[in-house]
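Chemist: entry_11.pdb is the file, holding PDB, C-alpha atoms:
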```pdb
ATOM      1  CA  MET A   1     -70.120 -88.068 -32.796
ATOM      2  CA  LYS A   2     -69.424 -86.059 -29.651
ATOM      3  CA  ALA A   3     -69.918 -82.333 -29.379
ATOM      4  CA  THR A   4     -66.221 -81.785 -28.723
ATOM      5  CA  ASP A   5     -65.347 -83.485 -32.013
ATOM      6  CA  ILE A   6     -66.881 -80.549 -33.893
ATOM      7  CA  PHE A   7     -67.087 -77.614 -31.484
ATOM      8  CA  LYS A   8     -63.853 -76.465 -29.836
ATOM      9  CA  ASP A   9     -65.188 -73.831 -27.442
ATOM     10  CA  GLU A  10     -66.813 -75.060 -24.235
ATOM     11  CA  SER A  11     -68.791 -71.837 -23.883
ATOM     12  CA  PHE A  12     -70.178 -72.300 -27.379
ATOM     13  CA  ILE A  13     -71.208 -75.842 -26.518
ATOM     14  CA  GLU A  14     -72.986 -74.579 -23.406
ATOM     15  CA  CYS A  15     -74.894 -72.114 -25.562
ATOM     16  CA  LEU A  16     -75.875 -74.815 -28.060
ATOM     17  CA  LYS A  17     -77.285 -76.947 -25.247
ATOM     18  CA  LYS A  18     -79.806 -74.248 -24.344
ATOM     19  CA  GLU A  19     -80.225 -71.752 -27.162
ATOM     20  CA  THR A  20     -81.071 -73.618 -30.379
ATOM     21  CA  PHE A  21     -84.566 -73.098 -31.776
ATOM     22  CA  ASP A  22     -86.713 -73.895 -34.795
ATOM     23  CA  GLU A  23     -88.626 -71.343 -36.865
ATOM     24  CA  LYS A  24     -91.556 -71.429 -34.419
ATOM     25  CA  GLY A  25     -89.364 -70.695 -31.420
ATOM     26  CA  ASN A  26     -89.380 -74.227 -30.056
ATOM     27  CA  HIS A  27     -86.182 -75.384 -28.375
ATOM     28  CA  ILE A  28     -84.364 -78.040 -30.394
ATOM     29  CA  LYS A  29     -82.187 -80.433 -28.450
ATOM     30  CA  ILE A  30     -79.043 -81.175 -30.456
ATOM     31  CA  PHE A  31     -77.075 -83.186 -27.873
ATOM     32  CA  ASN A  32     -78.173 -86.359 -26.109
ATOM     33  CA  ASP A  33     -77.444 -87.123 -22.477
ATOM     34  CA  LYS A  34     -74.051 -88.547 -23.393
ATOM     35  CA  GLY A  35     -72.992 -85.368 -25.150
ATOM     36  CA  LYS A  36     -73.357 -86.794 -28.645
ATOM     37  CA  ILE A  37     -74.883 -84.835 -31.517
ATOM     38  CA  ILE A  38     -78.450 -85.715 -32.512
ATOM     39  CA  LYS A  39     -77.978 -85.486 -36.273
ATOM     40  CA  LYS A  40     -81.666 -85.533 -37.199
ATOM     41  CA  ASN A  41     -82.234 -82.374 -35.160
ATOM     42  CA  ILE A  42     -79.430 -80.287 -36.640
ATOM     43  CA  ASN A  43     -81.407 -79.378 -39.753
ATOM     44  CA  LYS A  44     -84.341 -78.195 -37.643
ATOM     45  CA  VAL A  45     -82.326 -75.376 -36.102
ATOM     46  CA  THR A  46     -83.007 -71.962 -37.670
ATOM     47  CA  TYR A  47     -82.146 -69.691 -34.728
ATOM     48  CA  ILE A  48     -79.216 -69.705 -32.299
ATOM     49  CA  ASP A  49     -79.033 -67.110 -29.513
ATOM     50  CA  CYS A  50     -75.594 -66.964 -27.858
ATOM     51  CA  LEU A  51     -75.862 -63.612 -26.125
ATOM     52  CA  LEU A  52     -73.365 -63.256 -23.245
ATOM     53  CA  TYR A  53     -71.732 -66.681 -23.234
ATOM     54  CA  TRP A  54     -68.087 -65.479 -23.309
ATOM     55  CA  ILE A  55     -67.533 -67.353 -26.561
ATOM     56  CA  THR A  56     -64.197 -66.972 -28.358
ATOM     57  CA  ASN A  57     -64.540 -69.589 -31.111
ATOM     58  CA  ILE A  58     -67.541 -70.726 -33.168
ATOM     59  CA  LYS A  59     -65.772 -73.448 -35.128
ATOM     60  CA  GLY A  60     -68.327 -76.048 -36.226
ATOM     61  CA  ILE A  61     -71.097 -73.517 -36.896
ATOM     62  CA  SER A  62     -71.427 -74.641 -40.521
ATOM     63  CA  ILE A  63     -73.271 -77.848 -39.583
ATOM     64  CA  PHE A  64     -76.404 -75.736 -39.080
ATOM     65  CA  ILE A  65     -77.166 -75.496 -42.761
ATOM     66  CA  ASN A  66     -80.685 -74.117 -42.279
ATOM     67  CA  LEU A  67     -79.688 -71.410 -39.828
ATOM     68  CA  GLU A  68     -81.421 -68.069 -40.485
ATOM     69  CA  ILE A  69     -80.667 -66.045 -37.335
ATOM     70  CA  LEU A  70     -77.398 -66.105 -35.382
ATOM     71  CA  ASN A  71     -76.879 -63.890 -32.330
ATOM     72  CA  LEU A  72     -73.275 -63.810 -31.104
ATOM     73  CA  SER A  73     -73.396 -60.403 -29.450
ATOM     74  CA  ASN A  74     -71.574 -59.606 -26.206
ATOM     75  CA  ASN A  75     -68.925 -62.301 -26.441
ATOM     76  CA  GLN A  76     -65.140 -62.327 -26.915
ATOM     77  CA  ILE A  77     -64.882 -63.240 -30.578
ATOM     78  CA  LYS A  78     -61.872 -61.807 -32.406
ATOM     79  CA  GLU A  79     -62.392 -63.419 -35.793
ATOM     80  CA  LEU A  80     -64.795 -65.676 -37.620
ATOM     81  CA  PRO A  81     -63.994 -69.059 -39.160
ATOM     82  CA  GLU A  82     -64.151 -69.269 -42.937
ATOM     83  CA  GLU A  83     -66.925 -71.843 -42.646
ATOM     84  CA  ILE A  84     -69.464 -69.177 -41.631
ATOM     85  CA  GLY A  85     -69.638 -68.405 -45.333
ATOM     86  CA  TYR A  86     -71.379 -71.755 -45.820
ATOM     87  CA  LEU A  87     -74.503 -70.604 -43.973
ATOM     88  CA  LYS A  88     -76.318 -69.826 -47.198
ATOM     89  CA  ASN A  89     -79.707 -69.351 -45.509
ATOM     90  CA  LEU A  90     -78.512 -66.873 -42.898
ATOM     91  CA  LYS A  91     -80.590 -63.690 -42.877
ATOM     92  CA  LYS A  92     -79.623 -61.997 -39.622
ATOM     93  CA  LEU A  93     -76.192 -61.948 -37.975
ATOM     94  CA  ASN A  94     -75.429 -60.085 -34.750
ATOM     95  CA  LEU A  95     -71.764 -59.696 -33.799
ATOM     96  CA  SER A  96     -72.114 -56.566 -31.688
ATOM     97  CA  ASN A  97     -69.826 -55.971 -28.732
ATOM     98  CA  ASN A  98     -67.035 -58.405 -29.496
ATOM     99  CA  GLN A  99     -63.316 -57.881 -30.158
ATOM    100  CA  ILE A 100     -63.325 -57.952 -33.948
ATOM    101  CA  LYS A 101     -60.621 -55.774 -35.516
ATOM    102  CA  ARG A 102     -61.237 -56.392 -39.196
ATOM    103  CA  PHE A 103     -64.476 -56.622 -41.086
ATOM    104  CA  PRO A 104     -64.950 -60.389 -41.425
ATOM    105  CA  TYR A 105     -64.260 -61.120 -45.069
ATOM    106  CA  GLU A 106     -66.135 -64.408 -44.709
ATOM    107  CA  ILE A 107     -69.427 -62.583 -44.222
ATOM    108  CA  ASN A 108     -69.342 -61.373 -47.807
ATOM    109  CA  LYS A 109     -70.332 -64.862 -48.969
ATOM    110  CA  LEU A 110     -73.667 -64.683 -47.168
ATOM    111  CA  LYS A 111     -75.756 -63.732 -50.190
ATOM    112  CA  ASN A 112     -79.090 -63.896 -48.343
ATOM    113  CA  LEU A 113     -78.034 -61.778 -45.376
ATOM    114  CA  GLU A 114     -80.534 -58.994 -44.637
ATOM    115  CA  VAL A 115     -79.419 -57.631 -41.261
ATOM    116  CA  LEU A 116     -75.839 -57.277 -39.988
ATOM    117  CA  TYR A 117     -74.808 -55.930 -36.596
ATOM    118  CA  LEU A 118     -71.131 -55.156 -35.997
ATOM    119  CA  ASN A 119     -71.532 -52.384 -33.440
ATOM    120  CA  ASP A 120     -69.020 -51.945 -30.628
ATOM    121  CA  ASN A 121     -65.996 -53.661 -32.102
ATOM    122  CA  GLN A 122     -62.588 -52.369 -33.216
ATOM    123  CA  ILE A 123     -63.062 -52.386 -36.981
ATOM    124  CA  LYS A 124     -60.999 -49.823 -38.919
ATOM    125  CA  LYS A 125     -62.171 -50.555 -42.437
ATOM    126  CA  PHE A 126     -64.249 -52.972 -44.401
ATOM    127  CA  PRO A 127     -63.550 -54.543 -47.765
ATOM    128  CA  LYS A 128     -64.952 -53.686 -51.155
ATOM    129  CA  GLU A 129     -66.600 -57.115 -51.166
ATOM    130  CA  ILE A 130     -69.301 -55.606 -48.950
ATOM    131  CA  GLY A 131     -71.010 -54.939 -52.267
ATOM    132  CA  ASN A 132     -71.680 -58.680 -52.568
ATOM    133  CA  LEU A 133     -74.394 -58.500 -49.916
ATOM    134  CA  LYS A 134     -77.098 -57.581 -52.411
ATOM    135  CA  ASN A 135     -79.981 -58.420 -50.059
ATOM    136  CA  LEU A 136     -78.697 -56.442 -47.079
ATOM    137  CA  LYS A 137     -81.377 -54.130 -45.661
ATOM    138  CA  ARG A 138     -79.870 -53.007 -42.360
ATOM    139  CA  LEU A 139     -76.202 -52.418 -41.557
ATOM    140  CA  TYR A 140     -75.050 -51.338 -38.102
ATOM    141  CA  LEU A 141     -71.394 -50.381 -37.617
ATOM    142  CA  SER A 142     -71.509 -47.849 -34.805
ATOM    143  CA  ASN A 143     -68.744 -47.498 -32.221
ATOM    144  CA  ASN A 144     -65.845 -48.705 -34.321
ATOM    145  CA  LYS A 145     -62.773 -46.976 -35.779
ATOM    146  CA  ILE A 146     -63.826 -46.710 -39.411
ATOM    147  CA  LYS A 147     -62.262 -43.830 -41.355
ATOM    148  CA  LYS A 148     -63.511 -44.491 -44.837
ATOM    149  CA  LEU A 149     -66.348 -46.231 -46.640
ATOM    150  CA  PRO A 150     -65.595 -48.171 -49.838
ATOM    151  CA  LYS A 151     -67.301 -46.982 -53.005
ATOM    152  CA  GLU A 152     -68.739 -50.488 -53.351
ATOM    153  CA  ILE A 153     -71.213 -49.656 -50.590
ATOM    154  CA  GLY A 154     -73.230 -48.119 -53.401
ATOM    155  CA  LYS A 155     -74.035 -51.633 -54.609
ATOM    156  CA  LEU A 156     -76.265 -52.273 -51.596
ATOM    157  CA  LYS A 157     -79.403 -51.320 -53.496
ATOM    158  CA  ASN A 158     -81.771 -52.809 -50.908
ATOM    159  CA  LEU A 159     -80.209 -51.095 -47.898
ATOM    160  CA  LYS A 160     -82.764 -49.210 -45.796
ATOM    161  CA  GLU A 161     -80.809 -48.403 -42.631
ATOM    162  CA  LEU A 162     -77.141 -47.475 -42.234
ATOM    163  CA  PHE A 163     -75.749 -46.637 -38.801
ATOM    164  CA  LEU A 164     -72.144 -45.453 -38.441
ATOM    165  CA  ILE A 165     -72.302 -43.523 -35.163
ATOM    166  CA  HIS A 166     -69.024 -42.878 -33.307
ATOM    167  CA  ASN A 167     -66.456 -43.599 -35.998
ATOM    168  CA  LYS A 168     -63.757 -41.448 -37.616
ATOM    169  CA  ILE A 169     -65.337 -40.750 -40.987
ATOM    170  CA  LYS A 170     -64.431 -37.465 -42.695
ATOM    171  CA  ASN A 171     -65.835 -37.973 -46.160
ATOM    172  CA  LEU A 172     -68.460 -40.083 -47.860
ATOM    173  CA  PRO A 173     -67.986 -41.830 -51.211
ATOM    174  CA  LYS A 174     -69.873 -40.282 -54.105
ATOM    175  CA  GLU A 175     -71.469 -43.658 -54.727
ATOM    176  CA  ILE A 176     -73.620 -43.264 -51.622
ATOM    177  CA  TRP A 177     -76.299 -41.719 -53.830
ATOM    178  CA  LYS A 178     -76.880 -45.183 -55.314
ATOM    179  CA  LEU A 179     -78.485 -46.357 -52.059
ATOM    180  CA  GLU A 180     -81.854 -45.633 -53.600
ATOM    181  CA  ASN A 181     -83.900 -47.382 -50.898
ATOM    182  CA  LEU A 182     -82.090 -45.889 -47.901
ATOM    183  CA  GLU A 183     -84.521 -44.486 -45.309
ATOM    184  CA  ILE A 184     -82.314 -43.917 -42.253
ATOM    185  CA  LEU A 185     -78.721 -42.635 -42.289
ATOM    186  CA  ASN A 186     -76.972 -41.968 -38.999
ATOM    187  CA  LEU A 187     -73.480 -40.502 -39.186
ATOM    188  CA  SER A 188     -73.458 -38.813 -35.801
ATOM    189  CA  TYR A 189     -70.213 -38.384 -33.871
ATOM    190  CA  ASN A 190     -67.820 -38.463 -36.801
ATOM    191  CA  GLN A 191     -65.567 -35.840 -38.398
ATOM    192  CA  ILE A 192     -67.649 -34.856 -41.416
ATOM    193  CA  GLU A 193     -67.206 -31.266 -42.626
ATOM    194  CA  GLU A 194     -69.711 -31.087 -45.453
ATOM    195  CA  ILE A 195     -73.005 -32.679 -46.406
ATOM    196  CA  PRO A 196     -72.189 -33.699 -49.973
ATOM    197  CA  LYS A 197     -74.592 -33.140 -52.812
ATOM    198  CA  GLU A 198     -74.682 -36.895 -53.405
ATOM    199  CA  ILE A 199     -76.674 -37.435 -50.203
ATOM    200  CA  CYS A 200     -79.291 -35.113 -51.617
ATOM    201  CA  LYS A 201     -80.129 -37.702 -54.278
ATOM    202  CA  LEU A 202     -81.463 -40.178 -51.708
ATOM    203  CA  LYS A 203     -85.115 -39.730 -52.609
ATOM    204  CA  ASN A 204     -86.408 -42.207 -50.008
ATOM    205  CA  LEU A 205     -84.387 -40.870 -47.079
ATOM    206  CA  LYS A 206     -86.622 -40.119 -44.084
ATOM    207  CA  ASN A 207     -84.174 -39.649 -41.226
ATOM    208  CA  LEU A 208     -80.745 -38.020 -41.431
ATOM    209  CA  TYR A 209     -78.691 -37.742 -38.239
ATOM    210  CA  LEU A 210     -75.442 -35.758 -38.262
ATOM    211  CA  ILE A 211     -75.024 -34.865 -34.583
ATOM    212  CA  TYR A 212     -71.603 -33.802 -33.352
ATOM    213  CA  ASN A 213     -69.632 -33.499 -36.562
ATOM    214  CA  GLN A 214     -67.693 -30.562 -37.992
ATOM    215  CA  ILE A 215     -70.166 -29.626 -40.687
ATOM    216  CA  LYS A 216     -69.709 -26.124 -42.055
ATOM    217  CA  LYS A 217     -71.614 -26.422 -45.277
ATOM    218  CA  ILE A 218     -74.834 -28.013 -46.472
ATOM    219  CA  SER A 219     -75.488 -28.459 -50.157
ATOM    220  CA  LYS A 220     -78.251 -26.293 -51.601
ATOM    221  CA  ARG A 221     -79.642 -29.501 -53.028
ATOM    222  CA  ILE A 222     -80.845 -30.480 -49.554
ATOM    223  CA  GLY A 223     -84.309 -29.497 -50.736
ATOM    224  CA  LYS A 224     -84.292 -32.494 -53.085
ATOM    225  CA  LEU A 225     -84.759 -34.885 -50.151
ATOM    226  CA  ILE A 226     -88.476 -34.915 -50.788
ATOM    227  CA  ASN A 227     -89.299 -37.560 -48.175
ATOM    228  CA  LEU A 228     -87.088 -36.292 -45.353
ATOM    229  CA  GLU A 229     -88.960 -36.166 -42.040
ATOM    230  CA  GLU A 230     -86.181 -35.621 -39.516
ATOM    231  CA  LEU A 231     -82.877 -33.765 -39.818
ATOM    232  CA  ASN A 232     -80.570 -33.514 -36.813
ATOM    233  CA  LEU A 233     -77.646 -31.102 -37.070
ATOM    234  CA  ASN A 234     -77.011 -30.552 -33.368
ATOM    235  CA  ILE A 235     -73.477 -29.589 -32.355
ATOM    236  CA  ASN A 236     -71.789 -28.656 -35.628
ATOM    237  CA  GLN A 237     -70.015 -25.608 -37.081
ATOM    238  CA  LEU A 238     -72.473 -24.318 -39.653
ATOM    239  CA  LEU A 239     -71.580 -21.079 -41.367
ATOM    240  CA  TRP A 240     -74.570 -21.091 -43.672
ATOM    241  CA  LEU A 241     -78.046 -22.631 -43.686
ATOM    242  CA  PRO A 242     -79.415 -22.827 -47.243
ATOM    243  CA  LYS A 243     -82.936 -21.489 -47.717
ATOM    244  CA  GLU A 244     -83.637 -24.589 -49.806
ATOM    245  CA  ILE A 245     -84.124 -26.378 -46.508
ATOM    246  CA  LEU A 246     -87.580 -24.800 -46.525
ATOM    247  CA  GLU A 247     -88.479 -26.967 -49.531
ATOM    248  CA  LEU A 248     -88.572 -30.061 -47.304
ATOM    249  CA  ASN A 249     -92.347 -30.278 -47.199
ATOM    250  CA  LYS A 250     -92.488 -33.542 -45.241
ATOM    251  CA  LEU A 251     -90.114 -32.343 -42.543
ATOM    252  CA  LYS A 252     -91.457 -32.966 -39.040
ATOM    253  CA  CYS A 253     -88.383 -32.104 -37.001
ATOM    254  CA  ILE A 254     -85.127 -30.229 -37.538
ATOM    255  CA  CYS A 255     -82.613 -30.012 -34.681
ATOM    256  CA  LEU A 256     -80.241 -27.049 -34.692
ATOM    257  CA  ASN A 257     -79.079 -26.846 -31.086
ATOM    258  CA  LYS A 258     -75.465 -25.622 -31.069
ATOM    259  CA  ALA A 259     -75.349 -26.165 -34.814
ATOM    260  CA  PHE A 260     -73.699 -22.858 -35.779
ATOM    261  CA  LYS A 261     -70.212 -21.417 -35.519
ATOM    262  CA  LEU A 262     -71.601 -18.085 -34.406
ATOM    263  CA  ASP A 263     -68.473 -15.958 -34.649
ATOM    264  CA  ASP A 264     -67.914 -16.808 -38.307
ATOM    265  CA  LEU A 265     -71.389 -16.838 -39.859
ATOM    266  CA  LYS A 266     -71.190 -16.064 -43.587
ATOM    267  CA  GLN A 267     -74.901 -15.691 -44.245
ATOM    268  CA  GLU A 268     -76.831 -12.459 -44.457
ATOM    269  CA  PRO A 269     -78.619 -12.089 -41.098
ATOM    270  CA  GLU A 270     -81.938 -11.176 -42.731
ATOM    271  CA  GLU A 271     -81.962 -14.406 -44.688
ATOM    272  CA  LEU A 272     -81.103 -16.481 -41.651
ATOM    273  CA  PHE A 273     -83.843 -14.790 -39.647
ATOM    274  CA  TYR A 274     -86.270 -15.521 -42.456
ATOM    275  CA  ILE A 275     -85.342 -19.213 -42.483
ATOM    276  CA  PHE A 276     -85.742 -19.478 -38.711
ATOM    277  CA  LYS A 277     -89.135 -17.807 -38.880
ATOM    278  CA  LYS A 278     -90.384 -20.174 -41.562
ATOM    279  CA  LEU A 279     -89.095 -23.203 -39.661
ATOM    280  CA  LYS A 280     -90.840 -21.957 -36.563
ATOM    281  CA  ASP A 281     -94.050 -21.457 -38.537
ATOM    282  CA  LYS A 282     -93.795 -25.038 -39.739
ATOM    283  CA  ASN A 283     -93.578 -26.128 -36.084
ATOM    284  CA  VAL A 284     -90.500 -28.281 -36.729
ATOM    285  CA  LEU A 285     -88.258 -26.701 -34.070
ATOM    286  CA  ASP A 286     -88.369 -28.082 -30.542
ATOM    287  CA  ASP A 287     -88.034 -26.071 -27.322
ATOM    288  CA  TYR A 288     -84.291 -26.689 -27.068
ATOM    289  CA  ASP A 289     -83.747 -25.279 -30.556
ATOM    290  CA  LEU A 290     -85.879 -22.234 -29.869
ATOM    291  CA  GLU A 291     -84.046 -21.541 -26.626
ATOM    292  CA  TYR A 292     -80.696 -21.828 -28.390
ATOM    293  CA  LEU A 293     -81.798 -19.490 -31.178
ATOM    294  CA  GLU A 294     -83.253 -16.905 -28.829
ATOM    295  CA  GLU A 295     -80.378 -16.895 -26.358
ATOM    296  CA  LYS A 296     -77.360 -17.429 -28.604
ATOM    297  CA  VAL A 297     -78.112 -16.817 -32.266
ATOM    298  CA  TYR A 298     -80.568 -13.912 -32.375
ATOM    299  CA  PRO A 299     -78.409 -11.472 -30.355
ATOM    300  CA  ILE A 300     -75.495 -11.981 -32.725
ATOM    301  CA  LEU A 301     -77.689 -11.515 -35.773
ATOM    302  CA  THR A 302     -79.122  -8.395 -34.198
ATOM    303  CA  GLU A 303     -75.708  -6.840 -33.882
ATOM    304  CA  LYS A 304     -74.875  -7.762 -37.449
ATOM    305  CA  ILE A 305     -78.026  -6.032 -38.668
ATOM    306  CA  LYS A 306     -77.374  -2.926 -36.617
ATOM    307  CA  GLU A 307     -73.858  -2.767 -37.931
ATOM    308  CA  LYS A 308     -74.927  -3.373 -41.512
ATOM    309  CA  TYR A 309     -77.487  -0.569 -41.528
ATOM    310  CA  LYS A 310     -75.536   1.618 -39.120
ATOM    311  CA  THR A 311     -78.580   2.393 -37.042
ATOM    312  CA  ASP A 312     -80.585   1.227 -34.058
ATOM    313  CA  ASP A 313     -83.741   2.623 -35.566
ATOM    314  CA  PHE A 314     -86.021  -0.287 -36.375
ATOM    315  CA  LYS A 315     -88.118   1.819 -38.735
ATOM    316  CA  LYS A 316     -85.177   2.301 -41.065
ATOM    317  CA  ILE A 317     -84.494  -1.390 -41.454
ATOM    318  CA  LYS A 318     -87.867  -3.069 -41.037
ATOM    319  CA  ASP A 319     -88.239  -3.546 -44.792
ATOM    320  CA  ASN A 320     -85.086  -5.627 -44.783
ATOM    321  CA  LEU A 321     -85.819  -7.521 -41.585
ATOM    322  CA  ILE A 322     -88.396 -10.163 -42.376
ATOM    323  CA  PHE A 323     -88.277 -11.949 -39.041
ATOM    324  CA  ASP A 324     -91.391 -10.490 -37.406
ATOM    325  CA  ASN A 325     -91.019 -11.939 -33.915
ATOM    326  CA  PHE A 326     -87.902 -10.004 -33.058
ATOM    327  CA  THR A 327     -87.306  -6.666 -31.365
ATOM    328  CA  PHE A 328     -84.372  -4.327 -30.922
TER     329      PHE A 328
END
```
Mind converting the file's structure to structure tokens?
Modeler:
Amino acid sequence: MKATDIFKDESFIECLKKETFDEKGNHIKIFNDKGKIIKKNINKVTYIDCLLYWITNIKGISIFINLEILNLSNNQIKELPEEIGYLKNLKKLNLSNNQIKRFPYEINKLKNLEVLYLNDNQIKKFPKEIGNLKNLKRLYLSNNKIKKLPKEIGKLKNLKELFLIHNKIKNLPKEIWKLENLEILNLSYNQIEEIPKEICKLKNLKNLYLIYNQIKKISKRIGKLINLEELNLNINQLLWLPKEILELNKLKCICLNKAFKLDDLKQEPEELFYIFKKLKDKNVLDDYDLEYLEEKVYPILTEKIKEKYKTDDFKKIKDNLIFDNFTF
């Protein structure tokens, strides 16, 4: 049987001539010199790497029944054939930087899939069947057009990493708290206005990135993230920073550069000063954060304190001002 009898894309055939490997990384030749398929070698292939081959069609992929890793990133694929659902042993699938507009429904049949890359496509939503991927550990969907996550995402109990950078997400489903093994959540560059209390139930979360959103409010339950090590809130519109953030005993870094809507702060300035002082004492603020606080935030808080106590006399207000590294 000739290659063209099964595979309809010449670019895909070119990839298969060079980029088929066994589990040890050895190249497996699947075509003979006459362009016919070497059947006995098909089952040896566990890894196909088709990075940058300008592929548009992967019809015929299902013959690789023992395939575990498939890299189709940086091609011109618009949709996947239904037969990809037959790759029952597939563990890692990379479809980054293609032209996919809908979340491939066919992927939801891949019960053993552990890692899925769909970055840099044109996906607007994905189906509730995403919950079928029970073994999924890492899901990357950055740089798409996603507005909403289905509640079924809460069924991904083994998920450890979820990246949704540069989408159009405004709200998160309540079911996100069910991602009990999640360690990294990156929702930077979206349109989120509030960190919901449900996120605060993610006991194993270590890294939470929320850069460049529209966050005004953080739940007081943030202190429940007992394993959180890094929290990035750069470029938001915070009106209030809950003191419970000081309960994050494993925190190594918190980023607050341009995190506040300074003209509309709702928090008592003394309390905010106190929080900043404690964060500084914990050595979790970097130089950029300290510069931002000293140049932008502290002067505004100073004026609020002076106005509140109707005096410039530090002696009259020192009992209320707990931030000890600040002068009038």
Chemist: Exactly which residues make up the result of the PyMOL selection byres ((chain A and resi 103) around 9) on this file, given as a count of residues only?
Modeler: 14
Chemist: Using the chain letters and numbers from this file, what does the PyMOL selection byres ((chain A and resi 66) around 9) select? Give the answer as a list in words.
Modeler: Ile42, Asn43, Lys44, Val45, Thr46, Tyr47, Ile63, Phe64, Ile65, Leu67, Glu68, Leu87, Lys88, Asn89 and Leu90 of chain A
Chemist: Taking (-71.3, -22.1, -36.8) in the file's coordinates as the center, which residues reach within 6 Å of it, counting all atoms listed in the file, put as an MDAnalysis selection string?
Modeler: chainID A and resid 237:239 260:262
Chemist: Please dump the current selection as a short mmCIF file (atom, residue, chain, number, x, y, z; two decimals), in the coordinates of the input; keep C-alpha atoms.
Modeler:
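Everything below was put into result.cif:
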```cif
data_model
loop_
_atom_site.label_atom_id
_atom_site.label_comp_id
_atom_site.auth_asym_id
_atom_site.auth_seq_id
_atom_site.Cartn_x
_atom_site.Cartn_y
_atom_site.Cartn_z
CA GLN A 237 -70.02 -25.61 -37.08
CA LEU A 238 -72.47 -24.32 -39.65
CA LEU A 239 -71.58 -21.08 -41.37
CA PHE A 260 -73.70 -22.86 -35.78
CA LYS A 261 -70.21 -21.42 -35.52
CA LEU A 262 -71.60 -18.08 -34.41
#
```
Chemist: Name the residues that the PyMOL selection byres ((chain A and resi 82-85) around 7) pulls out of this structure, and write them as an NGL selection string.
Modeler: :A and (61-62 or 80-81 or 86-87 or 106-107 or 109-110)
Chemist: Kindly save the residues from that selection, with C-alpha atoms included, as a PDB file, in the coordinates of the input.
Modeler:
```pdb
ATOM      1  CA  ILE A  61     -71.097 -73.517 -36.896  1.00  0.00           C
ATOM      2  CA  SER A  62     -71.427 -74.641 -40.521  1.00  0.00           C
ATOM      3  CA  LEU A  80     -64.795 -65.676 -37.620  1.00  0.00           C
ATOM      4  CA  PRO A  81     -63.994 -69.059 -39.160  1.00  0.00           C
ATOM      5  CA  TYR A  86     -71.379 -71.755 -45.820  1.00  0.00           C
ATOM      6  CA  LEU A  87     -74.503 -70.604 -43.973  1.00  0.00           C
ATOM      7  CA  GLU A 106     -66.135 -64.408 -44.709  1.00  0.00           C
ATOM      8  CA  ILE A 107     -69.427 -62.583 -44.222  1.00  0.00           C
ATOM      9  CA  LYS A 109     -70.332 -64.862 -48.969  1.00  0.00           C
ATOM     10  CA  LEU A 110     -73.667 -64.683 -47.168  1.00  0.00           C
TER      11      LEU A 110
END
```
Chemist: In Å to one decimal, how far is atom CA of A:Leu285 from atom CA of A:Asn236?
Modeler: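 Going from atom CA of A:Asn236 over to atom CA of A:Leu285 covers 16.7 Å.
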Chemist: I need every residue sitting at most 10 Å from the point (-81.2, -67.7, -29.3) (coordinates as in the file, only C-alpha atoms considered), written as a PyMOL selection string.
Modeler: chain A and resi 15-16+18-22+25+27+46-51+69-72
Chemist: May I ask which of the residues A:Leu172, A:Leu293, A:Ile226, A:Leu93 is the closest one to A:Phe273, counting all atoms listed in the file?
Modeler: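 That would be A:Leu293, the residue with the smallest distance to A:Phe273.
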Chemist: Please provide the set of residues having any atom within 9 Å of A:Glu152, restricted to only C-alpha atoms, with same-chain residues fewer than 4 positions apart removed, written as an mmCIF file with C-alpha atoms, keeping the file's coordinate frame.
Modeler:
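Dumped everything to part_16.cif:
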```cif
data_model
loop_
_atom_site.group_PDB
_atom_site.id
_atom_site.type_symbol
_atom_site.label_atom_id
_atom_site.label_comp_id
_atom_site.auth_asym_id
_atom_site.auth_seq_id
_atom_site.Cartn_x
_atom_site.Cartn_y
_atom_site.Cartn_z
ATOM 1 C CA PRO A 127 -63.550 -54.543 -47.765
ATOM 2 C CA LYS A 128 -64.952 -53.686 -51.155
ATOM 3 C CA GLU A 129 -66.600 -57.115 -51.166
ATOM 4 C CA ILE A 130 -69.301 -55.606 -48.950
ATOM 5 C CA GLY A 131 -71.010 -54.939 -52.267
ATOM 6 C CA ASN A 132 -71.680 -58.680 -52.568
ATOM 7 C CA LEU A 156 -76.265 -52.273 -51.596
ATOM 8 C CA PRO A 173 -67.986 -41.830 -51.211
ATOM 9 C CA GLU A 175 -71.469 -43.658 -54.727
ATOM 10 C CA ILE A 176 -73.620 -43.264 -51.622
#
```
Chemist: List the spatial neighbours of A:Tyr53 as JSON, numbers by chain - criterion: any atom at most 10 Å away, only C-alpha atoms, same-chain residues fewer than 5 positions off excluded.
Modeler: {"A": [10, 11, 12, 13, 14, 15, 72, 73, 74, 75, 76]}
Chemist: Could you check the closest approach to A:Gln267 for each of A:Lys216, A:Trp54, A:Val284, A:Leu279 and tell me which residue wins, using all atoms listed in the file?
Modeler: A:Lys216
Chemist: What are the closest atom pairs, with distances in Å to one decimal, for each residue of stretch 213-279 of chain A lying within 12 Å of stretch 179-199 of chain A, using only C-alpha atoms, rows by chain and rising residue number, as CSV?
Modeler:
```
residue,atom,partner,partner_atom,distance
A:Asn213,CA,A:Gln191,CA,5.0
A:Gln214,CA,A:Glu193,CA,4.7
A:Ile215,CA,A:Glu193,CA,3.9
A:Lys216,CA,A:Glu193,CA,5.7
A:Lys217,CA,A:Glu194,CA,5.0
A:Ile218,CA,A:Ile195,CA,5.0
A:Ser219,CA,A:Lys197,CA,5.5
A:Lys220,CA,A:Lys197,CA,7.9
A:Arg221,CA,A:Lys197,CA,6.2
A:Ile222,CA,A:Lys197,CA,7.5
A:Gly223,CA,A:Lys197,CA,10.6
A:Lys224,CA,A:Ile199,CA,9.5
A:Leu225,CA,A:Ile199,CA,8.5
A:Ile226,CA,A:Glu183,CA,11.7
A:Asn227,CA,A:Glu183,CA,8.9
A:Leu228,CA,A:Glu183,CA,8.6
A:Glu229,CA,A:Glu183,CA,10.0
A:Glu230,CA,A:Ile184,CA,9.6
A:Leu231,CA,A:Leu185,CA,10.1
A:Asn232,CA,A:Ser188,CA,8.9
A:Leu233,CA,A:Ser188,CA,8.9
A:Asn234,CA,A:Ser188,CA,9.3
A:Ile235,CA,A:Tyr189,CA,9.5
A:Asn236,CA,A:Glu193,CA,8.8
A:Gln237,CA,A:Glu193,CA,8.4
A:Leu238,CA,A:Glu193,CA,9.2
A:Leu239,CA,A:Glu194,CA,11.0
A:Trp240,CA,A:Glu194,CA,11.3
A:Leu241,CA,A:Ile195,CA,11.6
A:Pro242,CA,A:Ile195,CA,11.8
```
